[in-house]
Amino acid sequence: MAAAGAPAEGASAYEYDLVVIGGGSGGLACAKEAAKLGKKVCLLDYVVPSPAGTSWGLGGTCVNVGCIPKKLMHNAGLLGEGFSDARGYGWKLPEKIEMNWEDLVMGVQNHIGSLNWGYRVALREASVKYLNAKGSFVDAHTVEAVERNGTKHTLTAERVVIAVGGRPKYLGVPGDKELCITSDDIFSRATPPGKTLVVGASYIALECAGFLRALGYEVAVMARSIFLRGFDQEIAELIGKDMERRGVRMIKPAVPTAFERDGEQIKCTFKNLDFGVEMSESFDTVLLAVGRDACTFDLGLEKVGVTYDKSSGKIPVTAEQTNVPSIYAIGDVLESRQELTPVAIKAGIRLARRLYAGATLQMDYDAVPTTVFTPLEYGCVGYSEEAATVKYGADNIEVYVSYLKPLEWTMNHEEHNGEPVRADNSVFVKLITNTADNERVVGAHYLGPNAGEIIQGVAVAVKANATKADFDDCIGIHPTVAEEFTILEVTKRSGKSALKKGC
């Protein structure tokens, strides 16, 4: 007979099978999958307002202040550029076409709101208990959840998944948190940004600078050194040049040292790293995109003994399990893993299936495709040329390259400030093979329109260990830019020109 107060035979010692801390893409996917497999699940989500006061609903970074609003604003910029193409196709349009920032923001936020609501409905339908509360550890099986009004809940669970994601870093210089905004704020900004300084060399920095310039605002980018560290640097340089051609001013190498009010504007004092001199310039908006930290510092990880990086907040894991057996982590909090929504989703689903359905399939973090949504988009999968050289050796890689101009752009003969709006040979394709392994394709890179749509298909081939011969054997669809991957002939080693002279 069970002692008084002890759980009945066969009953769980915990209130929940699983508690998920974080309601972003990975957390939602993991929670719903575990519930689908018959487990009792509670999901916590809480957004600490940004220094500028911005907060948002359920769904995490991607839905609220990342992929979704970024892609919509990027597309708004592309539509604006498309008016120039339309004139070349015979459309009679007024010379000056204006966009309304307030209408754009309203449309974006309305769509995000519908997604927030959809996620709440999906949790309810999956029988996942949802609490809009901030979670932290009491012990390895106990989480305290505090609602915005101070109401506290103590939750016990056999397992806990950390899926709290990350937030933008600040520079730590005078005036940064008081006067600057980040990607947390730009997509819901009530007033037009005007003359904007974007600080950073990351993909977030270049994407934001790109769509703001395409929407008609004066934009400068301030960077300490190279653009897109970790990406293929030949393409990173091409992106920088393309953005300059579009009117984005590059201030590099330079770093801000202080921000202060200058009437209605913000004065940025910065140091030129080439000459060591300080200069200043005033802007209507300053957007910082200088990296992100994991939101793990206030989870009480020390209390339960979870190992994590005290600088970045990142957590090292083995098969998504931390050094504490009952605690797991997925998504942007992981050390040395891609900060990408589809990665978090797949990792969350696979983790739930391993825990509750007897599955054995691990998350594969190799050959993950991604796209940088700069005005000229960049999609890639596999190794950059630099990384492939380190991995296989310069003598064991072949790099196939080609420049081209999409057929759709050939009707546009307009110029902007003496530069063609649609320049010849501005699209770039690169395929990297390992010659020591039957020319296995180890990297694919594309700079041009619709990069995500194109590289997604190429990624399947790379994931399937396709060789250069497999690409060559595939018949291209004509006329498309994607077909270029099936007809690449010029290698860097050959020294021949990769410029395209016909269709």
# chains A, B, ... in the order shown; residues from 1 in each chain; ligands from 1
>>> residues_around(residues="Thr410 (chain A)", least_positions_apart="4", cutoff="10 Å", atoms="only C-alpha atoms", output="PyMOL selection string")
chain A and resi 85+88-89+405-406+422-424
>>> closest_atom_pairs(of="region 367-409 of chain A", to="region 208-225 of chain A", cutoff="10 Å", atoms="only C-alpha atoms", output="CSV")
residue,atom,partner,partner_atom,distance
A:Phe373,CA,A:Gly210,CA,8.4
A:Thr374,CA,A:Gly210,CA,5.5
A:Pro375,CA,A:Gly210,CA,5.5
A:Leu376,CA,A:Gly210,CA,8.9
>>> closest_atom_pairs(of="region 146-172 of chain A", to="region 292-308 of chain A", cutoff="8 Å", atoms="only C-alpha atoms", output="JSON lines")
{"residue": "A:Val164", "atom": "CA", "partner": "A:Cys295", "partner_atom": "CA", "distance": 5.9}
{"residue": "A:Gly165", "atom": "CA", "partner": "A:Ala294", "partner_atom": "CA", "distance": 5.8}
{"residue": "A:Gly166", "atom": "CA", "partner": "A:Ala294", "partner_atom": "CA", "distance": 4.0}
{"residue": "A:Arg167", "atom": "CA", "partner": "A:Arg292", "partner_atom": "CA", "distance": 5.3}
{"residue": "A:Pro168", "atom": "CA", "partner": "A:Arg292", "partner_atom": "CA", "distance": 4.3}
{"residue": "A:Lys169", "atom": "CA", "partner": "A:Arg292", "partner_atom": "CA", "distance": 5.0}
>>> residues_around(residues="Lys267 (chain A)", least_positions_apart="4", cutoff="9 Å", atoms="only C-alpha atoms", output="ChimeraX atom specification")
/A:258-262,280-284
>>> residues_around(residues="Ile204 (chain A)", least_positions_apart="2", cutoff="9 Å", atoms="only C-alpha atoms", output="number ranges by chain")
A: 66, 183, 200-202, 206-209, 289-291, 372-373
>>> atom_distance(atom1="CA of Leu340 (chain A)", atom2="CA of Lys463 (chain A)")
17.3 Å
>>> closest_residue(among="A:Asn110, A:Asn75, A:Ser55, A:Asn450", to="Tyr378 (chain A)", atoms="only C-alpha atoms")
A:Asn450
>>> residues_around(residues="Asp184 (chain A)", least_positions_apart="2", cutoff="7 Å", atoms="only C-alpha atoms", output="VMD selection string")
chain A and resid 50 54 65 182 186
>>> write_last_selection(atoms="C-alpha atoms", output="compact mmCIF listing (two decimals), in the first residue's frame")
# COMPACT_ATOMS: atom_id res chain seq x y z
CA SER A 50 13.41 45.72 -25.66
CA THR A 54 8.96 46.74 -28.02
CA VAL A 65 10.93 40.27 -35.34
CA THR A 182 17.63 46.86 -33.12
CA ILE A 186 12.39 48.24 -36.72
>>> select_by_dssp(residues="region 312-444 of chain A", states="strand (DSSP E)", output="PyMOL selection string")
chain A and resi 327-329+370-372+378-382+397-404+415-416+419-420+427-434+440-444
>>> closest_residue(among="A:Val343, A:Val462, A:Ile235, A:Ile349", to="Val442 (chain A)", atoms="only C-alpha atoms")
A:Val462
>>> residues_around(residues="Ser25 (chain A)", least_positions_apart="5", cutoff="9 Å", atoms="only C-alpha atoms", output="tab-separated table (two decimals) with N, CA and C atoms, in the first residue's frame")
chain	number	residue	atom	x	y	z
A	30	CYS	N	8.48	21.26	-30.71
A	30	CYS	CA	8.79	20.20	-29.76
A	30	CYS	C	7.59	19.91	-28.86
A	59	GLY	N	5.37	32.99	-30.64
A	59	GLY	CA	5.95	32.61	-31.93
A	59	GLY	C	7.44	32.84	-32.04
A	60	GLY	N	8.02	33.60	-31.12
A	60	GLY	CA	9.47	33.78	-31.11
A	60	GLY	C	9.97	34.80	-32.11
A	61	THR	N	11.28	34.81	-32.27
A	61	THR	CA	11.96	35.81	-33.11
A	61	THR	C	11.50	35.76	-34.56
A	62	CYS	N	11.51	34.57	-35.14
A	62	CYS	CA	11.25	34.44	-36.58
A	62	CYS	C	9.93	35.08	-36.98
A	63	VAL	N	8.89	34.74	-36.27
A	63	VAL	CA	7.55	35.22	-36.63
A	63	VAL	C	7.39	36.70	-36.35
A	163	ALA	N	14.29	26.43	-24.87
A	163	ALA	CA	14.14	26.89	-26.26
A	163	ALA	C	13.86	28.40	-26.26
A	331	GLY	N	17.54	24.96	-30.73
A	331	GLY	CA	17.42	26.28	-31.36
A	331	GLY	C	18.62	27.18	-31.16
A	341	THR	N	15.46	29.06	-38.13
A	341	THR	CA	14.16	28.53	-37.73
A	341	THR	C	13.94	27.07	-38.14
A	342	PRO	N	14.17	26.68	-39.39
A	342	PRO	CA	13.91	25.28	-39.76
A	342	PRO	C	14.80	24.30	-39.00
A	344	ALA	N	15.77	24.69	-35.80
A	344	ALA	CA	15.14	24.55	-34.48
A	344	ALA	C	13.90	23.67	-34.55
A	345	ILE	N	13.09	23.85	-35.60
A	345	ILE	CA	11.86	23.07	-35.75
A	345	ILE	C	12.18	21.58	-35.90
A	348	GLY	N	13.59	20.10	-32.71
A	348	GLY	CA	12.56	19.92	-31.69
A	348	GLY	C	11.69	18.71	-31.95
>>> closest_residue(among="A:Ile330, A:Leu43, A:Val48, A:Leu499", to="Ala126 (chain A)", atoms="only C-alpha atoms")
A:Leu43
>>> closest_residue(among="A:Leu155, A:Leu79, A:Val248, A:Ala444", to="Gly379 (chain A)", atoms="only C-alpha atoms")
A:Ala444
>>> select_by_dssp(residues="region 204-251 of chain A", states="alpha helix (DSSP H)", output="PyMOL selection string")
chain A and resi 204-214+233-245
>>> closest_residue(among="A:Arg124, A:Arg337, A:Arg353, A:Lys310", to="Ala34 (chain A)", atoms="only C-alpha atoms")
A:Arg353
>>> closest_residue(among="A:Asp17, A:Asp232, A:Pro253, A:Tyr392", to="Leu431 (chain A)", atoms="only C-alpha atoms")
A:Asp232
>>> atom_distance(atom1="CA of Asp103 (chain A)", atom2="CA of Asp185 (chain A)")
16.4 Å
